[in-house]
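Below: data23.pdb (PDB, C-alpha atoms)
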ATOM      1  CA  MET A 885       7.872 -29.126   8.577
ATOM      2  CA  VAL A 886       6.756 -26.509   6.073
ATOM      3  CA  VAL A 887       4.564 -23.467   6.745
ATOM      4  CA  PRO A 888       1.184 -24.141   5.055
ATOM      5  CA  VAL A 889       0.613 -22.723   1.566
ATOM      6  CA  ILE A 890      -3.058 -22.104   0.727
ATOM      7  CA  ASP A 891      -4.673 -21.340  -2.652
ATOM      8  CA  PHE A 892      -7.028 -18.577  -1.561
ATOM      9  CA  SER A 893      -8.885 -18.506  -4.901
ATOM     10  CA  LYS A 894     -10.488 -21.849  -4.074
ATOM     11  CA  LEU A 895     -12.701 -20.125  -1.512
ATOM     12  CA  ASP A 896     -14.706 -19.175  -4.607
ATOM     13  CA  GLY A 897     -14.468 -22.646  -6.147
ATOM     14  CA  THR A 898     -16.713 -25.689  -5.765
ATOM     15  CA  ALA A 899     -18.294 -26.515  -2.416
ATOM     16  CA  ALA A 900     -15.645 -29.193  -1.843
ATOM     17  CA  GLU A 901     -12.798 -26.800  -2.727
ATOM     18  CA  ARG A 902     -14.210 -24.146  -0.431
ATOM     19  CA  ALA A 903     -14.562 -26.578   2.470
ATOM     20  CA  GLU A 904     -11.002 -27.804   2.005
ATOM     21  CA  THR A 905      -9.640 -24.249   1.859
ATOM     22  CA  MET A 906     -11.546 -23.225   4.981
ATOM     23  CA  ALA A 907     -10.103 -26.268   6.778
ATOM     24  CA  GLN A 908      -6.601 -25.299   5.618
ATOM     25  CA  ILE A 909      -7.057 -21.755   6.957
ATOM     26  CA  ASP A 910      -8.336 -23.135  10.267
ATOM     27  CA  ASN A 911      -5.324 -25.437  10.517
ATOM     28  CA  GLY A 912      -2.941 -22.601   9.621
ATOM     29  CA  CYS A 913      -4.414 -20.419  12.364
ATOM     30  CA  GLU A 914      -4.740 -23.119  15.012
ATOM     31  CA  GLU A 915      -1.590 -25.172  14.500
ATOM     32  CA  TRP A 916       0.831 -22.546  13.201
ATOM     33  CA  GLY A 917      -0.373 -18.966  13.590
ATOM     34  CA  PHE A 918       1.277 -18.547  10.159
ATOM     35  CA  PHE A 919       0.368 -19.516   6.600
ATOM     36  CA  GLN A 920       1.040 -18.334   3.059
ATOM     37  CA  LEU A 921      -1.633 -17.329   0.552
ATOM     38  CA  VAL A 922      -1.232 -17.749  -3.204
ATOM     39  CA  ASN A 923      -3.812 -16.682  -5.802
ATOM     40  CA  HIS A 924      -4.987 -14.138  -3.234
ATOM     41  CA  GLY A 925      -6.322 -11.571  -5.704
ATOM     42  CA  VAL A 926      -3.614  -8.917  -5.341
ATOM     43  CA  PRO A 927      -2.347  -8.390  -8.923
ATOM     44  CA  LYS A 928       1.196  -9.490  -9.703
ATOM     45  CA  GLU A 929       1.716  -6.219 -11.569
ATOM     46  CA  LEU A 930       0.989  -4.301  -8.354
ATOM     47  CA  LEU A 931       3.300  -6.536  -6.317
ATOM     48  CA  ASP A 932       6.071  -5.944  -8.863
ATOM     49  CA  ARG A 933       5.618  -2.194  -8.480
ATOM     50  CA  VAL A 934       5.712  -2.487  -4.674
ATOM     51  CA  LYS A 935       9.006  -4.398  -4.882
ATOM     52  CA  LYS A 936      10.432  -1.740  -7.179
ATOM     53  CA  VAL A 937       9.465   1.354  -5.167
ATOM     54  CA  CYS A 938      10.420  -0.174  -1.804
ATOM     55  CA  SER A 939      13.818  -1.272  -3.091
ATOM     56  CA  GLU A 940      14.416   2.176  -4.571
ATOM     57  CA  SER A 941      13.374   3.853  -1.322
ATOM     58  CA  TYR A 942      15.952   1.803   0.568
ATOM     59  CA  ARG A 943      18.703   2.833  -1.831
ATOM     60  CA  LEU A 944      17.951   6.416  -0.814
ATOM     61  CA  ARG A 945      18.182   5.421   2.866
ATOM     62  CA  GLU A 946      21.163   3.099   2.701
ATOM     63  CA  ALA A 947      23.825   5.674   3.593
ATOM     64  CA  ALA A 948      21.874   6.620   6.731
ATOM     65  CA  PHE A 949      21.580   2.980   7.773
ATOM     66  CA  MET A 950      25.351   2.583   7.471
ATOM     67  CA  GLU A 951      25.675   5.342  10.102
ATOM     68  CA  SER A 952      22.999   3.870  12.394
ATOM     69  CA  ALA A 953      23.370   2.497  15.920
ATOM     70  CA  PRO A 954      23.247  -1.214  14.900
ATOM     71  CA  VAL A 955      26.065  -0.744  12.388
ATOM     72  CA  ARG A 956      28.204   1.329  14.771
ATOM     73  CA  THR A 957      27.585  -1.148  17.592
ATOM     74  CA  LEU A 958      28.559  -4.131  15.450
ATOM     75  CA  GLU A 959      31.704  -2.350  14.249
ATOM     76  CA  GLY A 960      32.620  -1.698  17.881
ATOM     77  CA  LEU A 961      32.165  -5.359  18.798
ATOM     78  CA  VAL A 962      34.303  -6.520  15.875
ATOM     79  CA  ALA A 963      37.030  -4.024  16.809
ATOM     80  CA  ALA A 964      36.964  -5.222  20.437
ATOM     81  CA  GLU A 965      37.186  -8.825  19.267
ATOM     82  CA  ARG A 966      40.251  -7.999  17.188
ATOM     83  CA  ARG A 967      41.867  -6.564  20.311
ATOM     84  CA  GLY A 968      41.367  -9.937  21.944
ATOM     85  CA  GLU A 969      38.442  -8.888  24.145
ATOM     86  CA  ALA A 970      35.520 -11.208  24.838
ATOM     87  CA  VAL A 971      32.307  -9.947  23.229
ATOM     88  CA  ALA A 972      28.676 -10.995  23.624
ATOM     89  CA  PRO A 973      25.936 -10.780  20.963
ATOM     90  CA  VAL A 974      23.773  -7.653  21.013
ATOM     91  CA  ASP A 975      20.349  -8.328  22.526
ATOM     92  CA  ASP A 976      18.732  -4.883  22.568
ATOM     93  CA  MET A 977      18.656  -3.792  18.906
ATOM     94  CA  ASP A 978      17.956  -5.163  15.440
ATOM     95  CA  TRP A 979      19.825  -5.167  12.108
ATOM     96  CA  GLU A 980      16.889  -3.539  10.347
ATOM     97  CA  ASP A 981      16.048  -0.366   8.425
ATOM     98  CA  ILE A 982      12.375   0.533   8.839
ATOM     99  CA  PHE A 983       9.775   3.183   8.196
ATOM    100  CA  TYR A 984       6.013   3.158   8.703
ATOM    101  CA  LEU A 985       3.078   4.108   6.502
ATOM    102  CA  HIS A 986      -0.182   5.127   8.202
ATOM    103  CA  ASP A 987      -3.157   7.010   6.822
ATOM    104  CA  ASP A 988      -2.039  10.183   8.583
ATOM    105  CA  ASN A 989       1.777  10.229   8.640
ATOM    106  CA  GLN A 990       4.356  11.552   6.189
ATOM    107  CA  TRP A 991       5.337   9.159   3.394
ATOM    108  CA  PRO A 992       8.523   9.230   1.316
ATOM    109  CA  SER A 993       8.318  11.496  -1.740
ATOM    110  CA  ASN A 994      10.935   9.507  -3.640
ATOM    111  CA  PRO A 995      10.786   7.582  -5.810
ATOM    112  CA  PRO A 996       7.973   9.715  -7.339
ATOM    113  CA  GLU A 997       5.628   6.745  -7.822
ATOM    114  CA  PHE A 998       6.032   5.511  -4.234
ATOM    115  CA  LYS A 999       2.925   7.148  -2.743
ATOM    116  CA  GLU A1000       0.512   6.134  -5.501
ATOM    117  CA  THR A1001       1.804   2.551  -5.560
ATOM    118  CA  MET A1002       1.671   2.081  -1.801
ATOM    119  CA  ARG A1003      -1.795   3.648  -1.494
ATOM    120  CA  GLU A1004      -3.070   1.175  -4.075
ATOM    121  CA  TYR A1005      -1.271  -1.711  -2.361
ATOM    122  CA  ARG A1006      -2.564  -0.832   1.114
ATOM    123  CA  ALA A1007      -6.158  -0.640  -0.194
ATOM    124  CA  ALA A1008      -5.803  -4.116  -1.739
ATOM    125  CA  LEU A1009      -4.247  -5.571   1.427
ATOM    126  CA  ARG A1010      -6.922  -4.081   3.632
ATOM    127  CA  LYS A1011      -9.610  -5.843   1.574
ATOM    128  CA  LEU A1012      -7.637  -9.093   1.686
ATOM    129  CA  ALA A1013      -7.276  -8.838   5.479
ATOM    130  CA  GLU A1014     -11.045  -8.463   5.842
ATOM    131  CA  LYS A1015     -11.647 -11.548   3.662
ATOM    132  CA  VAL A1016      -9.204 -13.537   5.825
ATOM    133  CA  MET A1017     -10.954 -12.288   8.978
ATOM    134  CA  GLU A1018     -14.342 -13.381   7.600
ATOM    135  CA  ALA A1019     -12.919 -16.872   7.027
ATOM    136  CA  MET A1020     -11.695 -16.870  10.638
ATOM    137  CA  ASP A1021     -15.140 -15.744  11.820
ATOM    138  CA  GLU A1022     -16.745 -18.690  10.036
ATOM    139  CA  ASN A1023     -14.203 -21.208  11.301
ATOM    140  CA  LEU A1024     -14.658 -19.956  14.862
ATOM    141  CA  GLY A1025     -18.461 -20.216  14.625
ATOM    142  CA  LEU A1026     -18.916 -16.451  14.787
ATOM    143  CA  ASP A1027     -21.248 -14.255  12.762
ATOM    144  CA  LYS A1028     -19.734 -12.868   9.571
ATOM    145  CA  GLY A1029     -17.959  -9.609  10.319
ATOM    146  CA  ARG A1030     -17.720 -10.274  14.078
ATOM    147  CA  MET A1031     -13.957  -9.756  14.215
ATOM    148  CA  LYS A1032     -14.164  -6.520  12.238
ATOM    149  CA  ARG A1033     -16.922  -5.253  14.530
ATOM    150  CA  ALA A1034     -14.743  -5.986  17.548
ATOM    151  CA  PHE A1035     -11.856  -4.086  15.952
ATOM    152  CA  THR A1036     -14.043  -1.068  15.148
ATOM    153  CA  GLY A1037     -16.211  -0.838  18.278
ATOM    154  CA  ASP A1038     -19.247  -1.963  16.261
ATOM    155  CA  GLY A1039     -18.373   0.472  13.486
ATOM    156  CA  ARG A1040     -17.876   3.542  15.686
ATOM    157  CA  HIS A1041     -14.140   3.723  14.918
ATOM    158  CA  SER A1042     -11.838   2.944  12.018
ATOM    159  CA  PRO A1043      -9.503  -0.014  12.450
ATOM    160  CA  PHE A1044      -5.837   0.905  12.679
ATOM    161  CA  PHE A1045      -4.170  -0.168   9.442
ATOM    162  CA  GLY A1046      -0.419   0.362   9.323
ATOM    163  CA  THR A1047       2.366  -0.796   7.020
ATOM    164  CA  LYS A1048       5.976  -1.348   8.045
ATOM    165  CA  VAL A1049       8.544  -1.282   5.239
ATOM    166  CA  SER A1050      11.720  -3.070   6.345
ATOM    167  CA  HIS A1051      15.056  -3.955   4.823
ATOM    168  CA  TYR A1052      17.621  -6.257   6.382
ATOM    169  CA  PRO A1053      20.919  -5.411   4.633
ATOM    170  CA  PRO A1054      23.760  -7.927   4.360
ATOM    171  CA  CYS A1055      25.235  -8.443   7.840
ATOM    172  CA  PRO A1056      28.965  -9.218   8.153
ATOM    173  CA  ARG A1057      28.555 -10.886  11.559
ATOM    174  CA  PRO A1058      25.125 -12.499  11.952
ATOM    175  CA  ASP A1059      26.423 -14.305  15.031
ATOM    176  CA  LEU A1060      26.606 -10.990  16.925
ATOM    177  CA  ILE A1061      23.205  -9.377  16.213
ATOM    178  CA  THR A1062      19.650 -10.355  15.213
ATOM    179  CA  GLY A1063      17.710  -9.140  12.189
ATOM    180  CA  LEU A1064      14.558  -8.793  14.296
ATOM    181  CA  ARG A1065      14.297 -10.199  17.813
ATOM    182  CA  ALA A1066      11.708 -12.882  18.568
ATOM    183  CA  HIS A1067       8.251 -11.548  19.425
ATOM    184  CA  THR A1068       4.542 -12.008  18.880
ATOM    185  CA  ASP A1069       2.589  -9.268  17.098
ATOM    186  CA  ALA A1070       0.356  -7.073  19.236
ATOM    187  CA  GLY A1071      -2.481  -6.557  16.820
ATOM    188  CA  GLY A1072      -4.958  -8.492  14.744
ATOM    189  CA  VAL A1073      -4.178  -9.917  11.304
ATOM    190  CA  ILE A1074      -0.780  -9.286   9.744
ATOM    191  CA  LEU A1075      -0.152  -9.639   6.000
ATOM    192  CA  LEU A1076       3.463  -9.779   4.883
ATOM    193  CA  PHE A1077       4.830  -9.423   1.375
ATOM    194  CA  GLN A1078       8.295 -10.828   1.960
ATOM    195  CA  ASP A1079      11.392 -11.087  -0.190
ATOM    196  CA  ASP A1080      11.103 -13.956  -2.668
ATOM    197  CA  ARG A1081      14.851 -14.624  -2.740
ATOM    198  CA  VAL A1082      16.396 -13.740   0.629
ATOM    199  CA  GLY A1083      15.093 -15.785   3.565
ATOM    200  CA  GLY A1084      15.528 -15.240   7.278
ATOM    201  CA  LEU A1085      11.963 -15.181   8.649
ATOM    202  CA  GLN A1086      11.298 -18.012  11.099
ATOM    203  CA  VAL A1087       8.284 -19.070  13.168
ATOM    204  CA  LEU A1088       8.456 -21.035  16.420
ATOM    205  CA  LYS A1089       6.474 -24.290  16.331
ATOM    206  CA  GLY A1090       6.758 -27.082  18.852
ATOM    207  CA  GLY A1091       9.902 -25.590  20.312
ATOM    208  CA  GLU A1092      11.639 -25.519  16.905
ATOM    209  CA  TRP A1093      12.365 -22.539  14.658
ATOM    210  CA  ILE A1094      10.932 -23.197  11.175
ATOM    211  CA  ASP A1095      11.830 -21.170   8.069
ATOM    212  CA  VAL A1096       8.973 -19.288   6.399
ATOM    213  CA  GLN A1097      10.108 -20.209   2.925
ATOM    214  CA  PRO A1098      10.362 -17.404   0.331
ATOM    215  CA  LEU A1099       7.617 -17.910  -2.254
ATOM    216  CA  ALA A1100       7.206 -15.550  -5.194
ATOM    217  CA  ASP A1101       4.137 -13.280  -4.999
ATOM    218  CA  ALA A1102       2.715 -15.003  -1.903
ATOM    219  CA  ILE A1103       1.263 -13.090   1.035
ATOM    220  CA  VAL A1104       2.252 -14.468   4.446
ATOM    221  CA  VAL A1105      -0.520 -14.205   7.049
ATOM    222  CA  ASN A1106       0.012 -14.392  10.790
ATOM    223  CA  THR A1107      -2.337 -13.862  13.702
ATOM    224  CA  GLY A1108      -1.603 -11.341  16.445
ATOM    225  CA  ASP A1109      -2.375 -11.199  20.143
ATOM    226  CA  GLN A1110      -5.860  -9.719  19.598
ATOM    227  CA  VAL A1111      -6.974 -12.673  17.482
ATOM    228  CA  GLU A1112      -5.744 -14.957  20.276
ATOM    229  CA  VAL A1113      -7.991 -13.106  22.746
ATOM    230  CA  LEU A1114     -11.034 -12.971  20.446
ATOM    231  CA  SER A1115     -10.693 -16.704  19.702
ATOM    232  CA  ASN A1116     -10.282 -17.411  23.437
ATOM    233  CA  GLY A1117      -6.935 -19.105  22.857
ATOM    234  CA  ARG A1118      -7.867 -21.263  19.881
ATOM    235  CA  TYR A1119      -5.811 -19.157  17.432
ATOM    236  CA  ARG A1120      -2.636 -18.315  19.328
ATOM    237  CA  SER A1121      -0.267 -15.618  18.144
ATOM    238  CA  ALA A1122       3.029 -17.187  17.089
ATOM    239  CA  TRP A1123       6.537 -16.207  18.081
ATOM    240  CA  HIS A1124       8.639 -15.246  15.069
ATOM    241  CA  ARG A1125      11.991 -13.643  14.298
ATOM    242  CA  VAL A1126      14.232 -12.586  11.419
ATOM    243  CA  LEU A1127      17.792 -13.845  11.144
ATOM    244  CA  PRO A1128      20.352 -11.522   9.540
ATOM    245  CA  MET A1129      22.011 -12.819   6.393
ATOM    246  CA  ARG A1130      25.567 -12.388   5.146
ATOM    247  CA  ASP A1131      24.379 -12.188   1.548
ATOM    248  CA  GLY A1132      21.374 -10.417   0.107
ATOM    249  CA  ASN A1133      19.269  -7.455   1.194
ATOM    250  CA  ARG A1134      15.967  -8.844   2.508
ATOM    251  CA  ARG A1135      12.881  -6.734   1.766
ATOM    252  CA  SER A1136       9.793  -7.045   3.942
ATOM    253  CA  VAL A1137       6.480  -5.151   3.691
ATOM    254  CA  ALA A1138       4.189  -5.999   6.616
ATOM    255  CA  SER A1139       0.655  -4.594   6.892
ATOM    256  CA  PHE A1140      -1.194  -4.749  10.213
ATOM    257  CA  TYR A1141      -4.989  -4.805  10.425
ATOM    258  CA  ASN A1142      -5.391  -3.878  14.088
ATOM    259  CA  PRO A1143      -8.231  -2.764  16.320
ATOM    260  CA  ALA A1144      -8.895   0.935  16.745
ATOM    261  CA  PHE A1145      -7.118   2.160  19.866
ATOM    262  CA  GLU A1146     -10.558   2.883  21.401
ATOM    263  CA  ALA A1147     -11.908  -0.636  20.700
ATOM    264  CA  THR A1148     -12.705  -2.952  23.600
ATOM    265  CA  ILE A1149     -11.330  -6.461  23.104
ATOM    266  CA  SER A1150     -12.501  -9.607  24.898
ATOM    267  CA  PRO A1151     -13.092 -13.269  24.017
ATOM    268  CA  ALA A1152     -15.847 -13.721  21.410
ATOM    269  CA  VAL A1153     -15.679 -17.536  21.527
ATOM    270  CA  GLU A1154     -17.110 -19.471  24.456
ATOM    271  CA  GLY A1155     -15.102 -22.138  26.282
ATOM    272  CA  GLY A1156     -11.737 -21.420  24.738
ATOM    273  CA  VAL A1157      -8.651 -23.593  24.919
ATOM    274  CA  ALA A1158      -7.285 -21.476  27.740
ATOM    275  CA  GLY A1159     -10.433 -21.718  29.830
ATOM    276  CA  GLY A1160     -11.428 -18.059  29.729
ATOM    277  CA  GLU A1161      -8.254 -16.577  31.166
ATOM    278  CA  TYR A1162      -8.226 -13.652  28.723
ATOM    279  CA  PRO A1163      -9.349 -10.260  30.040
ATOM    280  CA  GLU A1164     -11.489  -7.501  28.582
ATOM    281  CA  TYR A1165      -9.556  -4.299  27.897
ATOM    282  CA  VAL A1166      -9.187  -1.301  25.614
ATOM    283  CA  PHE A1167      -6.708  -1.977  22.809
ATOM    284  CA  GLY A1168      -4.865   1.318  23.293
ATOM    285  CA  GLU A1169      -4.059   0.300  26.865
ATOM    286  CA  TYR A1170      -2.680  -2.999  25.622
ATOM    287  CA  MET A1171      -0.464  -1.146  23.158
ATOM    288  CA  ASP A1172       0.917   0.994  25.976
ATOM    289  CA  VAL A1173       2.059  -2.201  27.704
ATOM    290  CA  TYR A1174       3.280  -3.802  24.456
ATOM    291  CA  ALA A1175       5.489  -0.824  23.641
ATOM    292  CA  LYS A1176       7.510  -1.590  26.786
ATOM    293  CA  GLN A1177       7.326  -5.412  26.607
ATOM    294  CA  LYS A1178       7.306  -6.297  22.880
ATOM    295  CA  PHE A1179      10.110  -8.849  23.128
ATOM    296  CA  ASP A1180       8.866 -10.428  26.364
ATOM    297  CA  ALA A1181       6.277 -13.142  26.958
ATOM    298  CA  LYS A1182       2.724 -12.091  26.087
ATOM    299  CA  GLU A1183       1.002 -13.573  29.158
ATOM    300  CA  PRO A1184       2.166 -10.777  31.520
ATOM    301  CA  ARG A1185       0.840  -8.242  28.998
ATOM    302  CA  PHE A1186      -2.632  -9.758  29.244
ATOM    303  CA  GLU A1187      -2.304  -9.751  33.032
ATOM    304  CA  ALA A1188      -1.238  -6.099  33.049
ATOM    305  CA  VAL A1189      -4.416  -4.903  31.303
ATOM    306  CA  LYS A1190      -6.755  -7.084  33.324
ATOM    307  CA  ALA A1191      -9.186  -4.917  35.306
ATOM    308  CA  PRO A1192      -8.982  -5.499  39.069
ATOM    309  CA  LYS A1193     -11.881  -7.559  40.374
ATOM    310  CA  SER A1194     -14.242  -5.599  42.604
ATOM    311  CA  ALA A1195     -14.632  -6.942  46.111
TER     312      ALA A1195
END

Would you write the structure of this file as structure tokens?
Amino acid sequence: MVVPVIDFSKLDGTAAERAETMAQIDNGCEEWGFFQLVNHGVPKELLDRVKKVCSESYRLREAAFMESAPVRTLEGLVAAERRGEAVAPVDDMDWEDIFYLHDDNQWPSNPPEFKETMREYRAALRKLAEKVMEAMDENLGLDKGRMKRAFTGDGRHSPFFGTKVSHYPPCPRPDLITGLRAHTDAGGVILLFQDDRVGGLQVLKGGEWIDVQPLADAIVVNTGDQVEVLSNGRYRSAWHRVLPMRDGNRRSVASFYNPAFEATISPAVEGGVAGGEYPEYVFGEYMDVYAKQKFDAKEPRFEAVKAPKSA
């Protein structure tokens, strides 16, 4: 099995090309929760600059990562193993260097072109996310812009748009630690610009872990928990993970188009696959639960934010 690859430019093609592309997006959302977009409209020149500034930013952070808890923990396990002690893989941390870019937090000042490049990239990805959401609206039989309105409280709030810049450095013992533990994403639509040489990202489908194959200049799209609720279970958020690699430093730039924390989320589609089991709740309350239960099953998170029924 191969994660679907979709030529997004054909949405603007002939009627037949558009219909086929819409069907491919629907299948990617419904059967996988993951798909890759090519010819998505984000210029290759911009993507090349993003690769350059993110790789340079990691070089400035590399020494700190080598002193971090995952590295020290792994060194301790290897030392214990050499002493003949039995060791178990680490299950409470990840072999990952990360920092976040939001509209209102502090961004790296080096390399000098980092801020300008990433502002331009985030603006392009935000527009792409909204185009993907409009395709989902249409496939779900919703009015155009319905998902965005849900995320913004009918335009009263700004959606939360964050970017996570990750690197997964070469790991000497990938059998003893994960790159990123398996989870579903809390938010709405996630757009990932992943390394085009170093793999490791996998999605769970039919009980089997499938590689999300590196593909030059593609944008990987996956649906989060909020899209599952809005679609009433038709578009389920997919479990995914990152395996650490012995060779190669994997770069990953994930942008999250999420509801505003004040937005109220509930099913927008009637008669969903799950039979209406999804609650109505405020997204910020869901995030409070997610922060404590990110690597656990999502169903108890939905249960936790469900308002008690009045007698």

> Interatomic distance between CA of Asn923 in chain A and CA of Asp891 in chain A?
Replying inline: 5.7 Å

> For Leu1114 in chain A, which residue among A:Asp1080, A:Arg1033, A:Asp1069, A:His1051 is the nearest when counting all atoms listed in the file?
Replying inline: A:Arg1033

> Quick one: which residues end up in the PyMOL selection byres ((chain A and resi 1013-1022) around 10) for this structure, as a PyMOL selection string?
Replying inline: chain A and resi 892+895+905-907+909-910+913+921+924+1008-1012+1023-1032+1072-1075+1105+1107+1111+1114-1115+1119+1139-1141+1152-1153

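Pairwise distance (CA of Gly1091 in chain A, CA of Arg1125 in chain A) equals 13.5 Å.
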
> Skipping near chain neighbours, those fewer than 2 positions away, what residues fall within 8 Å of Asp1131 in chain A using all atoms listed in the file, listed as a PyMOL selection string?
Replying inline: chain A and resi 1054-1055+1129+1133
